[in-house]
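A.B. asks: Got a file for you: data-v9.txt, compact mmCIF, C-alpha atoms and all ligand atoms.
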```
# COMPACT_ATOMS: atom_id res chain seq x y z
CA MET Q 169 0.00 0.00 0.00
CA PRO Q 170 1.39 3.43 -0.86
CA VAL Q 171 2.37 5.87 1.87
CA MET Q 172 1.65 9.54 1.37
CA ALA Q 173 4.47 11.75 0.17
CA PRO Q 174 5.35 14.32 2.85
CA ILE Q 175 3.89 17.81 2.65
CA GLY Q 176 7.03 19.73 3.54
CA LYS Q 177 7.72 18.79 7.16
CA VAL Q 178 4.28 17.25 7.59
CA THR Q 179 4.43 13.48 7.26
CA LEU Q 180 1.31 11.34 7.12
CA ASP Q 181 0.93 7.63 7.65
CA ALA Q 182 -1.79 7.13 5.04
CA PRO Q 183 -2.25 8.40 1.47
CA PHE Q 184 -5.58 10.16 1.94
CA PHE Q 185 -7.07 13.10 3.79
CA GLN Q 186 -10.29 15.00 4.35
CA ALA Q 187 -10.92 17.74 1.78
CA GLY Q 188 -12.02 21.27 2.43
CA LEU Q 189 -15.83 21.27 2.21
CA ALA Q 190 -17.53 24.64 2.72
CA GLY Q 191 -20.46 24.33 5.11
CA TYR Q 192 -19.30 20.91 6.31
CA SER Q 193 -15.62 20.42 7.16
CA ASP Q 194 -15.62 22.33 10.44
CA ALA Q 195 -13.70 21.21 13.54
CA ALA Q 196 -16.53 18.84 14.53
CA MET Q 197 -16.46 16.96 11.22
CA ARG Q 198 -12.68 16.92 11.18
CA LEU Q 199 -12.37 15.52 14.70
CA VAL Q 200 -14.86 12.76 13.95
CA ALA Q 201 -12.91 11.92 10.77
CA ARG Q 202 -9.68 11.75 12.75
CA GLN Q 203 -11.27 9.36 15.26
CA HIS Q 204 -11.83 7.07 12.27
CA GLY Q 205 -8.29 7.18 10.92
CA CYS Q 206 -8.16 10.32 8.82
CA PRO Q 207 -4.55 11.52 9.15
CA TYR Q 208 -4.90 15.10 7.89
CA ALA Q 209 -7.64 17.59 7.11
CA ILE Q 210 -8.18 20.89 5.32
CA THR Q 211 -10.48 23.59 6.65
CA GLU Q 212 -13.29 24.90 4.51
CA ALA Q 213 -12.15 27.88 2.44
CA MET Q 214 -11.79 31.01 4.57
CA LEU Q 215 -12.01 34.44 3.00
CA ASP Q 216 -8.81 36.33 3.73
CA HIS Q 217 -10.57 39.52 4.82
CA PHE Q 218 -12.67 37.62 7.38
CA LEU Q 219 -9.42 36.66 9.10
CA VAL Q 220 -7.83 40.06 8.65
CA ASN Q 221 -10.88 41.89 10.02
CA GLY Q 222 -10.90 39.72 13.16
CA GLY Q 223 -14.17 39.01 14.91
CA LYS Q 224 -16.16 35.89 14.09
CA GLY Q 225 -14.00 34.87 11.10
CA LEU Q 226 -10.89 34.85 13.23
CA ALA Q 227 -12.64 33.13 16.14
CA ALA Q 228 -13.84 30.36 13.80
CA ALA Q 229 -10.27 29.75 12.63
CA GLN Q 230 -8.95 28.77 16.09
CA ILE Q 231 -7.65 25.19 16.13
CA MET Q 232 -9.21 22.80 18.63
CA THR Q 233 -7.13 20.28 20.58
CA GLY Q 234 -6.60 17.11 18.57
CA ASP Q 235 -7.35 18.76 15.25
CA ARG Q 236 -3.85 18.51 13.75
CA PRO Q 237 -2.05 18.24 11.40
CA ILE Q 238 -4.28 20.70 9.65
CA ALA Q 239 -4.19 22.96 6.60
CA GLY Q 240 -5.96 26.29 6.73
CA GLN Q 241 -7.41 27.06 3.34
CA LEU Q 242 -7.53 30.66 2.16
CA MET Q 243 -9.41 32.32 -0.63
CA GLY Q 244 -8.81 35.90 -1.73
CA SER Q 245 -8.29 38.18 -4.65
CA HIS Q 246 -5.54 40.52 -3.57
CA PRO Q 247 -1.93 39.44 -2.92
CA THR Q 248 -1.37 41.75 0.05
CA GLU Q 249 -4.58 40.83 1.79
CA ILE Q 250 -4.28 37.08 1.24
CA ALA Q 251 -0.63 37.21 2.40
CA HIS Q 252 -1.85 38.91 5.58
CA GLY Q 253 -4.43 36.15 6.00
CA ALA Q 254 -1.70 33.52 5.52
CA LYS Q 255 0.41 35.10 8.28
CA ILE Q 256 -2.57 34.93 10.61
CA LEU Q 257 -2.97 31.22 9.85
CA VAL Q 258 0.69 30.65 10.72
CA GLU Q 259 0.25 32.57 13.99
CA LEU Q 260 -2.80 30.46 14.80
CA GLY Q 261 -0.62 27.34 14.44
CA TYR Q 262 -1.79 25.88 11.14
CA ASP Q 263 0.66 23.25 9.90
CA VAL Q 264 0.03 24.04 6.23
CA VAL Q 265 -1.36 27.04 4.35
CA ASP Q 266 -3.52 26.01 1.39
CA ILE Q 267 -4.71 28.39 -1.34
CA ASN Q 268 -8.02 27.81 -3.10
CA LEU Q 269 -7.92 28.33 -6.87
CA ALA Q 270 -10.83 25.99 -7.43
CA CYS Q 271 -14.11 27.25 -6.01
CA PRO Q 272 -16.69 27.43 -8.82
CA VAL Q 273 -19.34 29.37 -6.87
CA LYS Q 274 -20.43 32.39 -8.90
CA LYS Q 275 -20.42 34.94 -6.11
CA ILE Q 276 -16.84 33.90 -5.36
CA ARG Q 277 -15.80 34.00 -9.03
CA LYS Q 278 -17.39 37.44 -9.52
CA LYS Q 279 -15.09 38.77 -6.83
CA CYS Q 280 -12.09 37.26 -8.68
CA ARG Q 281 -11.33 34.57 -6.18
CA GLY Q 282 -11.20 30.80 -6.13
CA GLY Q 283 -11.73 29.13 -9.50
CA HIS Q 284 -11.93 32.46 -11.30
CA LEU Q 285 -8.19 32.88 -10.80
CA LEU Q 286 -7.52 29.89 -13.04
CA SER Q 287 -8.38 32.13 -15.98
CA GLN Q 288 -6.09 34.89 -14.68
CA PRO Q 289 -2.63 33.26 -14.44
CA ASP Q 290 -0.74 36.48 -13.65
CA GLU Q 291 -3.06 37.29 -10.76
CA ALA Q 292 -3.02 33.71 -9.56
CA ILE Q 293 0.78 33.55 -9.57
CA ALA Q 294 1.03 36.94 -7.81
CA ILE Q 295 -1.23 35.59 -5.07
CA LEU Q 296 0.70 32.35 -4.76
CA ASP Q 297 3.99 34.27 -4.61
CA ALA Q 298 2.74 36.71 -1.96
CA VAL Q 299 1.51 33.86 0.23
CA ARG Q 300 4.72 31.89 -0.14
CA GLN Q 301 6.77 34.92 0.86
CA ALA Q 302 4.52 35.68 3.81
CA VAL Q 303 4.68 32.11 5.10
CA GLY Q 304 8.40 31.65 4.38
CA ASP Q 305 10.09 28.30 4.80
CA ASP Q 306 8.61 27.73 8.21
CA ARG Q 307 5.45 26.00 7.00
CA PRO Q 308 4.57 24.33 3.73
CA CYS Q 309 2.21 26.01 1.30
CA THR Q 310 -0.13 23.99 -0.90
CA VAL Q 311 -2.75 24.81 -3.49
CA LYS Q 312 -6.09 23.43 -4.60
CA LEU Q 313 -6.96 23.74 -8.30
CA ARG Q 314 -9.41 22.40 -10.82
CA ARG Q 315 -8.16 20.98 -14.09
CA GLY Q 316 -8.98 24.28 -15.81
CA SER Q 317 -11.62 26.97 -16.18
CA ASN Q 318 -13.17 25.05 -19.06
CA ASP Q 319 -12.15 22.60 -21.78
CA GLY Q 320 -10.62 25.20 -24.13
CA ASP Q 321 -6.97 25.41 -25.21
CA ARG Q 322 -6.48 28.76 -23.48
CA ALA Q 323 -7.71 27.28 -20.22
CA ALA Q 324 -5.29 24.36 -20.58
CA ALA Q 325 -2.38 26.75 -21.20
CA ASN Q 326 -3.40 28.86 -18.19
CA PHE Q 327 -3.58 25.78 -15.99
CA HIS Q 328 -0.06 24.67 -16.89
CA ARG Q 329 1.37 28.17 -16.46
CA ILE Q 330 -0.09 28.32 -12.98
CA PHE Q 331 0.96 24.76 -12.17
CA GLU Q 332 4.55 25.47 -13.22
CA GLY Q 333 4.41 28.64 -11.10
CA VAL Q 334 3.26 26.56 -8.13
CA ILE Q 335 6.33 24.32 -8.51
CA GLU Q 336 8.77 27.19 -9.12
CA LEU Q 337 7.51 29.05 -6.07
CA GLY Q 338 8.31 26.05 -3.88
CA TYR Q 339 4.81 24.89 -3.05
CA ALA Q 340 4.92 21.51 -1.33
CA ALA Q 341 1.82 20.02 -2.95
CA ALA Q 342 -1.10 20.65 -5.26
CA THR Q 343 -4.48 18.98 -5.06
CA VAL Q 344 -6.17 18.83 -8.44
CA HIS Q 345 -9.90 18.29 -8.84
CA GLY Q 346 -10.44 16.66 -12.22
CA ARG Q 347 -13.44 18.80 -13.14
CA THR Q 348 -13.36 22.24 -14.73
CA VAL Q 349 -14.71 25.36 -13.02
CA GLU Q 350 -17.39 25.56 -15.69
CA GLN Q 351 -18.37 21.96 -15.02
CA LYS Q 352 -18.92 22.64 -11.30
CA TYR Q 353 -19.97 19.18 -10.07
CA ILE Q 354 -21.66 17.94 -13.23
CA GLY Q 355 -20.14 14.94 -14.98
CA PRO Q 356 -17.17 12.86 -13.95
CA SER Q 357 -13.87 14.02 -12.55
CA ARG Q 358 -11.36 13.32 -15.33
CA TRP Q 359 -8.85 10.94 -13.79
CA PRO Q 360 -6.84 10.55 -17.04
CA PHE Q 361 -6.04 14.25 -16.65
CA LEU Q 362 -4.54 13.45 -13.25
CA ARG Q 363 -2.55 10.58 -14.81
CA ALA Q 364 -1.15 12.95 -17.48
CA LEU Q 365 -0.29 15.49 -14.79
CA VAL Q 366 1.64 12.90 -12.81
CA GLU Q 367 3.46 11.81 -15.98
CA ARG Q 368 4.44 15.42 -16.68
CA TYR Q 369 5.25 16.76 -13.21
CA GLY Q 370 5.54 13.67 -11.00
CA GLY Q 371 8.99 13.11 -9.54
CA THR Q 372 9.56 16.84 -8.98
CA PRO Q 373 11.61 16.94 -5.75
CA ARG Q 374 9.70 18.00 -2.62
CA PHE Q 375 6.45 18.35 -4.53
CA ALA Q 376 3.42 16.08 -4.21
CA ILE Q 377 0.38 15.77 -6.47
CA PHE Q 378 -2.93 14.84 -4.86
CA GLY Q 379 -6.11 13.93 -6.69
CA SER Q 380 -9.71 14.90 -6.08
CA GLY Q 381 -13.04 13.95 -7.56
CA ASP Q 382 -15.41 10.99 -7.44
CA ILE Q 383 -14.10 9.35 -4.31
CA TRP Q 384 -17.17 7.60 -2.92
CA SER Q 385 -15.66 4.58 -1.19
CA ALA Q 386 -12.43 3.43 0.41
CA ARG Q 387 -11.73 1.34 -2.68
CA ASP Q 388 -11.98 4.48 -4.86
CA ILE Q 389 -9.06 5.99 -2.92
CA PHE Q 390 -6.70 3.19 -3.90
CA ARG Q 391 -8.20 2.89 -7.38
CA MET Q 392 -7.36 6.56 -8.00
CA ILE Q 393 -3.80 6.00 -6.81
CA ALA Q 394 -3.42 2.89 -8.99
CA GLU Q 395 -4.94 4.52 -12.08
CA THR Q 396 -3.34 7.95 -11.87
CA GLY Q 397 -0.19 7.60 -9.75
CA VAL Q 398 -1.13 10.54 -7.50
CA ASP Q 399 0.71 10.77 -4.18
CA GLY Q 400 -2.46 11.05 -2.14
CA VAL Q 401 -6.20 11.38 -2.40
CA SER Q 402 -8.56 14.05 -1.16
CA VAL Q 403 -11.83 12.60 0.16
CA ALA Q 404 -14.69 15.06 -0.23
CA ARG Q 405 -18.41 14.30 -0.66
CA GLY Q 406 -17.69 10.64 0.03
CA CYS Q 407 -16.95 11.41 3.68
CA ILE Q 408 -19.91 13.66 4.47
CA GLY Q 409 -21.93 11.64 6.98
CA ASN Q 410 -19.48 8.81 6.35
CA PRO Q 411 -16.36 9.00 8.53
CA TRP Q 412 -16.19 5.19 8.26
CA ILE Q 413 -14.65 5.61 4.81
CA PHE Q 414 -11.37 6.38 6.61
CA ALA Q 415 -11.55 3.27 8.81
CA GLN Q 416 -12.39 1.22 5.72
CA ALA Q 417 -9.37 2.69 3.91
CA ARG Q 418 -7.20 1.81 6.91
CA ALA Q 419 -8.61 -1.72 6.76
CA LEU Q 420 -7.55 -1.97 3.12
CA MET Q 421 -4.09 -0.73 4.03
CA ALA Q 422 -3.88 -3.52 6.61
CA GLY Q 423 -4.88 -6.09 3.99
CA ASP Q 424 -8.37 -6.56 5.44
CA GLN Q 425 -10.42 -6.68 2.23
CA ALA Q 426 -13.66 -7.50 4.03
CA GLY Q 427 -13.17 -4.51 6.33
CA ALA Q 428 -13.37 -2.18 3.35
CA ASP Q 429 -16.98 -3.21 2.69
CA ARG Q 430 -18.12 -3.59 6.29
CA PRO Q 431 -20.95 -1.13 6.95
CA PRO Q 432 -21.04 0.70 10.28
CA THR Q 433 -23.13 -1.05 12.91
CA ILE Q 434 -26.06 0.76 14.44
CA ALA Q 435 -23.99 1.11 17.64
CA GLN Q 436 -21.18 2.75 15.68
CA GLN Q 437 -23.63 5.07 13.94
CA ARG Q 438 -25.17 6.03 17.27
CA GLN Q 439 -21.76 6.84 18.74
CA VAL Q 440 -20.81 9.02 15.78
CA LEU Q 441 -24.15 10.84 15.78
CA LEU Q 442 -23.74 11.70 19.46
CA ASP Q 443 -20.04 12.61 19.17
CA HIS Q 444 -20.54 14.74 16.07
CA PHE Q 445 -23.47 16.61 17.57
CA HIS Q 446 -21.72 17.31 20.87
CA LEU Q 447 -18.62 18.51 19.06
CA ALA Q 448 -20.79 20.74 16.85
CA VAL Q 449 -22.39 22.23 19.99
CA ARG Q 450 -18.90 22.95 21.35
CA VAL Q 451 -17.89 24.59 18.07
CA HIS Q 452 -21.07 26.51 17.20
CA GLY Q 453 -23.29 26.64 20.27
CA GLN Q 454 -26.53 24.70 20.65
CA ARG Q 455 -28.83 26.68 18.38
CA ARG Q 456 -26.53 26.84 15.34
CA ALA Q 457 -25.38 23.25 15.82
CA SER Q 458 -28.99 21.98 15.86
CA LEU Q 459 -29.64 23.57 12.49
CA SER Q 460 -26.29 22.81 10.89
CA MET Q 461 -26.45 19.15 11.95
CA ARG Q 462 -29.60 18.52 9.92
CA LYS Q 463 -27.64 18.23 6.70
CA PHE Q 464 -25.27 15.76 8.33
CA GLY Q 465 -28.22 13.80 9.74
CA ILE Q 466 -29.60 13.42 6.22
CA LYS Q 467 -26.29 11.96 5.05
CA PHE Q 468 -25.91 9.76 8.14
CA SER Q 469 -29.43 8.40 7.58
CA TYR Q 470 -28.29 6.62 4.38
CA HIS Q 471 -26.46 4.05 6.51
CA HIS Q 472 -29.63 3.16 8.39
CA PRO Q 473 -31.86 0.30 7.23
CA ASN Q 474 -34.88 2.58 7.60
CA ALA Q 475 -33.19 5.49 5.82
CA GLU Q 476 -36.25 7.37 4.56
CA ALA Q 477 -37.91 7.57 7.97
CA VAL Q 478 -34.67 8.56 9.70
CA LYS Q 479 -33.98 11.20 7.08
CA ALA Q 480 -37.44 12.73 7.51
CA ARG Q 481 -36.88 12.98 11.25
CA PHE Q 482 -33.44 14.55 10.89
CA ILE Q 483 -34.84 17.13 8.49
CA ALA Q 484 -37.23 18.25 11.23
CA VAL Q 485 -34.55 18.63 13.95
CA LYS Q 486 -34.55 22.06 15.60
CA SER Q 487 -32.88 21.45 18.94
CA LEU Q 488 -30.52 19.23 20.88
CA ASP Q 489 -33.56 17.40 22.31
CA ASP Q 490 -34.94 16.73 18.82
CA TRP Q 491 -31.58 15.29 17.82
CA HIS Q 492 -31.52 12.97 20.84
CA ASP Q 493 -35.12 11.92 20.09
CA VAL Q 494 -34.12 10.75 16.61
CA VAL Q 495 -31.13 8.89 18.01
CA GLU Q 496 -33.20 7.23 20.76
CA SER Q 497 -35.97 6.31 18.30
CA PHE Q 498 -33.81 4.79 15.59
CA TYR Q 499 -30.44 3.87 17.03
CA VAL Q 500 -30.60 1.25 19.78
CA LYS Q 501 -28.44 1.38 22.90
CA PRO Q 502 -24.91 0.02 22.31
CA GLN Q 503 -25.41 -3.09 24.50
CA ALA Q 504 -28.29 -4.20 22.27
CA ALA Q 505 -26.50 -3.12 19.13
CA ALA Q 506 -26.67 -5.10 15.93
CA PRO Q 507 -25.04 -4.76 12.52
CA ALA Q 508 -26.67 -2.04 10.42
CA ASN Q 509 -28.14 -4.54 7.99
CA HIS Q 510 -30.06 -6.41 10.73
CA ALA Q 511 -33.17 -4.32 10.56
CA GLN Q 512 -35.06 -6.46 13.07
CA HIS Q 513 -32.87 -5.13 15.91
CA VAL Q 514 -33.55 -1.53 15.07
CA ALA Q 515 -36.21 0.35 16.94
CA VAL Q 516 -38.32 2.23 14.43
C1 LIG V 1 -20.47 21.42 -0.61
C2 LIG V 1 -19.05 21.46 -1.09
C3 LIG V 1 -18.18 22.39 -0.54
C4 LIG V 1 -16.84 22.43 -0.98
N1 LIG V 1 -16.00 23.32 -0.41
C5 LIG V 1 -14.68 23.29 -0.72
C6 LIG V 1 -13.76 24.14 -0.04
O1 LIG V 1 -14.11 24.93 0.82
N2 LIG V 1 -12.46 24.03 -0.39
C7 LIG V 1 -12.01 23.15 -1.37
O2 LIG V 1 -10.81 23.08 -1.64
N3 LIG V 1 -12.86 22.37 -2.03
C8 LIG V 1 -14.19 22.41 -1.73
N4 LIG V 1 -15.05 21.57 -2.36
C9 LIG V 1 -14.54 20.66 -3.40
C10 LIG V 1 -14.14 19.31 -2.84
O3 LIG V 1 -13.05 19.43 -1.93
C11 LIG V 1 -13.76 18.31 -3.93
O4 LIG V 1 -12.67 18.80 -4.66
C12 LIG V 1 -14.92 18.03 -4.87
O5 LIG V 1 -16.11 17.81 -4.15
C13 LIG V 1 -14.63 16.84 -5.77
O6 LIG V 1 -14.52 15.66 -5.03
P1 LIG V 1 -15.73 14.59 -4.94
O7 LIG V 1 -16.29 14.41 -6.34
O8 LIG V 1 -15.04 13.33 -4.42
O9 LIG V 1 -16.73 15.15 -3.99
C14 LIG V 1 -16.39 21.54 -1.98
C15 LIG V 1 -17.28 20.62 -2.53
C16 LIG V 1 -18.60 20.57 -2.11
C17 LIG V 1 -19.52 19.56 -2.72
```
As structure tokens, what does this structure read like?
C.D. replies:
Amino acid sequence: MPVMAPIGKVTLDAPFFQAGLAGYSDAAMRLVARQHGCPYAITEAMLDHFLVNGGKGLAAAQIMTGDRPIAGQLMGSHPTEIAHGAKILVELGYDVVDINLACPVKKIRKKCRGGHLLSQPDEAIAILDAVRQAVGDDRPCTVKLRRGSNDGDRAAANFHRIFEGVIELGYAAATVHGRTVEQKYIGPSRWPFLRALVERYGGTPRFAIFGSGDIWSARDIFRMIAETGVDGVSVARGCIGNPWIFAQARALMAGDQAGADRPPTIAQQRQVLLDHFHLAVRVHGQRRASLSMRKFGIKFSYHHPNAEAVKARFIAVKSLDDWHDVVESFYVKPQAAAPANHAQHVAV
């Protein structure tokens, strides 16, 4: 089984990590992932000026105990401001500073950030340079990109100019999502593009290439590595409401083929639901956590044999008590726990 290439001084014992996922990958989700064997995680993209202006943005960027190694991901449109944001991340103790050149959301693109910068190579390189200088050699810098703005020749040329800039500036790694900005999330992530990228830039000293896109199971992680040769794999939508993907990937690394397909038991689901909710309350406070956990509940419900009913109940959650009601109604106490596919043991 492959081991992940180091990210500068950051060494990992497994070739996968949890992606940045806006609206999801907060400290609560990251800590739950780590409990299941995820060795490294990226924050959701933070706007540089939210950090620079202090207040809630800065408060949200504090690192909780146990949540390391961690990359803080920044998004911005101005070299000076994003460099300032990067310095703040270093002061906060982030192990890695990651720059987002991938976000396809229109309101972000309109402000010339994220994926928009893929069509502006000079601006993108100026931003990458400013961040690298601000961070210095103390911490590694990494970047997240898509395979281009669109499928045109100009977009391809822009991508490679930026990618070569990333290497020249001494970035430690790049994660490439095999969809274009224009594509958003429609259609497949183009893994052959990742393969070609590894053939062209793989073997560059002190530089790792990670792949992203269409990782839905633990087996997909190792399939991407085998098919493309990437140094590591970013797990994104496949781990929302599914931290077990990391334990299953660890099982595969240990040669336990059956472990890769073993669904979480009801007892394991119950434990994660309670842990995730309590962590979310610590991170966001009870009211916000109750609302933000609904979307996770919907995803968690897919593991339950009575998924539709559980999902409907999670959608209606408004408070901590509501959350516990769903758990007590559908997820039996650990001592009576049964495998998830034994529906007869599940209280419904
Ligand atoms: C809801 C959502 C939010 C995302 N937010 C971020 C983000 O903040 N930073 C980032 O680098 N990528 C973000 N992504 C992109 C993912 O990290 C990943 O590259 C993409 O989902 C492709 O992988 P997948 O097909 O395996 O999900 C986001 C994706 C989704 C669906």
A.B. asks: Counting all atoms listed in the file, find the residues whose atoms lie at most 12 Å from (-19.0, 15.3, 18.5) (file coordinates) and write them out as a list of chain:residue names.
C.D. replies: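 I get Q:Asp194, Q:Ala195, Q:Ala196, Q:Met197, Q:Arg198, Q:Leu199, Q:Val200, Q:Ala201, Q:Arg202, Q:Gln203, Q:Arg438, Q:Gln439, Q:Val440, Q:Leu441, Q:Leu442, Q:Asp443, Q:His444, Q:Phe445, Q:His446, Q:Leu447, Q:Ala448, Q:Val449, Q:Arg450, Q:Val451, Q:His452, Q:Ala457, Q:Met461, Q:Phe464 for the residues within 12 Å of that point.
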A.B. asks: Report, in Å to a single decimal, how far apart CA of Ile389 (chain Q) and CA of Ile408 (chain Q) are.
C.D. replies: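 Between CA of Ile408 (chain Q) and CA of Ile389 (chain Q) the gap is 15.2 Å.
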A.B. asks: Find the distance between CA of Pro411 (chain Q) and CA of Asp235 (chain Q) and write it in Å to one decimal.
C.D. replies: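 Distance between the two atoms: 14.9 Å.
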A.B. asks: Just want the residues within 9 Å of ligand LIG 1 (chain V), written as a VMD selection string, counting only C-alpha atoms and all ligand atoms.
C.D. replies: chain Q and resid 186 to 193 210 to 214 241 to 243 266 to 272 282 311 to 314 343 to 347 352 to 353 356 to 357 379 to 384 402 to 407
A.B. asks: What is the distance, in Å and to one decimal place, between CA of Leu285 (chain Q) and CA of Gly397 (chain Q)?
C.D. replies: 26.5 Å
A.B. asks: Give as an NGL selection string each residue that has an atom at most 10 Å from (-7.2, 7.1, 1.2) in the file, counting all atoms listed in the file.
C.D. replies: :Q and (170-172 or 182-186 or 205-207 or 383 or 385-393 or 400-403 or 413-418 or 420-421)
A.B. asks: Do you know which residues are at most 9 Å from Phe468 (chain Q) counting all atoms listed in the file, after dropping those on the same chain fewer than 2 positions away, and could you put them as a PyMOL selection string?
C.D. replies: chain Q and resi 408-410+437+441+463-466+470-472+475+478-479
A.B. asks: Pick the closest to Ala341 (chain Q) from Q:Leu215, Q:Leu257, Q:Val265, Q:Leu488: which is it, counting only C-alpha atoms?
C.D. replies: Q:Val265
A.B. asks: Hey, what's within 12 Å of Ala364 (chain Q) if we count only C-alpha atoms and toss same-chain stuff fewer than 5 positions away? As an mmCIF file with C-alpha atoms, in the coordinates of the input, please?
C.D. replies:
```
data_model
loop_
_atom_site.group_PDB
_atom_site.id
_atom_site.type_symbol
_atom_site.label_atom_id
_atom_site.label_comp_id
_atom_site.auth_asym_id
_atom_site.auth_seq_id
_atom_site.Cartn_x
_atom_site.Cartn_y
_atom_site.Cartn_z
ATOM 1 C CA ARG Q 315 -8.160 20.980 -14.090
ATOM 2 C CA HIS Q 328 -0.060 24.670 -16.890
ATOM 3 C CA VAL Q 344 -6.170 18.830 -8.440
ATOM 4 C CA GLY Q 346 -10.440 16.660 -12.220
ATOM 5 C CA ARG Q 358 -11.360 13.320 -15.330
ATOM 6 C CA TRP Q 359 -8.850 10.940 -13.790
ATOM 7 C CA TYR Q 369 5.250 16.760 -13.210
ATOM 8 C CA GLY Q 370 5.540 13.670 -11.000
ATOM 9 C CA ILE Q 377 0.380 15.770 -6.470
ATOM 10 C CA GLY Q 379 -6.110 13.930 -6.690
ATOM 11 C CA GLU Q 395 -4.940 4.520 -12.080
ATOM 12 C CA THR Q 396 -3.340 7.950 -11.870
ATOM 13 C CA GLY Q 397 -0.190 7.600 -9.750
ATOM 14 C CA VAL Q 398 -1.130 10.540 -7.500
#
```
A.B. asks: List the spatial neighbours of Phe218 (chain Q) as a list in words - criterion: any atom at most 12 Å away, all atoms listed in the file, same-chain residues fewer than 2 positions off excluded.
C.D. replies: Ala213, Met214, Leu215, Asp216, Val220, Asn221, Gly222, Gly223, Lys224, Gly225, Leu226, Ala227, Ala228, Ala229, Leu242, Met243, Gly244, Glu249, Ile250, His252, Gly253, Ala254, Ile256 and Leu257 of chain Q
A.B. asks: Within 7 Å of Leu286 (chain Q), counting all atoms listed in the file, which residues show up once you throw out same-chain ones fewer than 4 positions away? Write them as a PDB file with C-alpha atoms, in the frame of the given file, please.
C.D. replies:
```
ATOM      1  CA  LEU Q 269      -7.920  28.330  -6.870  1.00  0.00           C
ATOM      2  CA  ALA Q 292      -3.020  33.710  -9.560  1.00  0.00           C
ATOM      3  CA  GLY Q 316      -8.980  24.280 -15.810  1.00  0.00           C
ATOM      4  CA  SER Q 317     -11.620  26.970 -16.180  1.00  0.00           C
ATOM      5  CA  ASN Q 326      -3.400  28.860 -18.190  1.00  0.00           C
ATOM      6  CA  PHE Q 327      -3.580  25.780 -15.990  1.00  0.00           C
TER       7      PHE Q 327
END
```
A.B. asks: Identify, on the basis of all atoms listed in the file, every residue whose closest approach to Gly176 (chain Q) does not exceed 6 Å; exclude the query and any residue fewer than 2 positions from it along the same chain; express the result as a ChimeraX atom specification.
C.D. replies: /Q:174,178,308,340
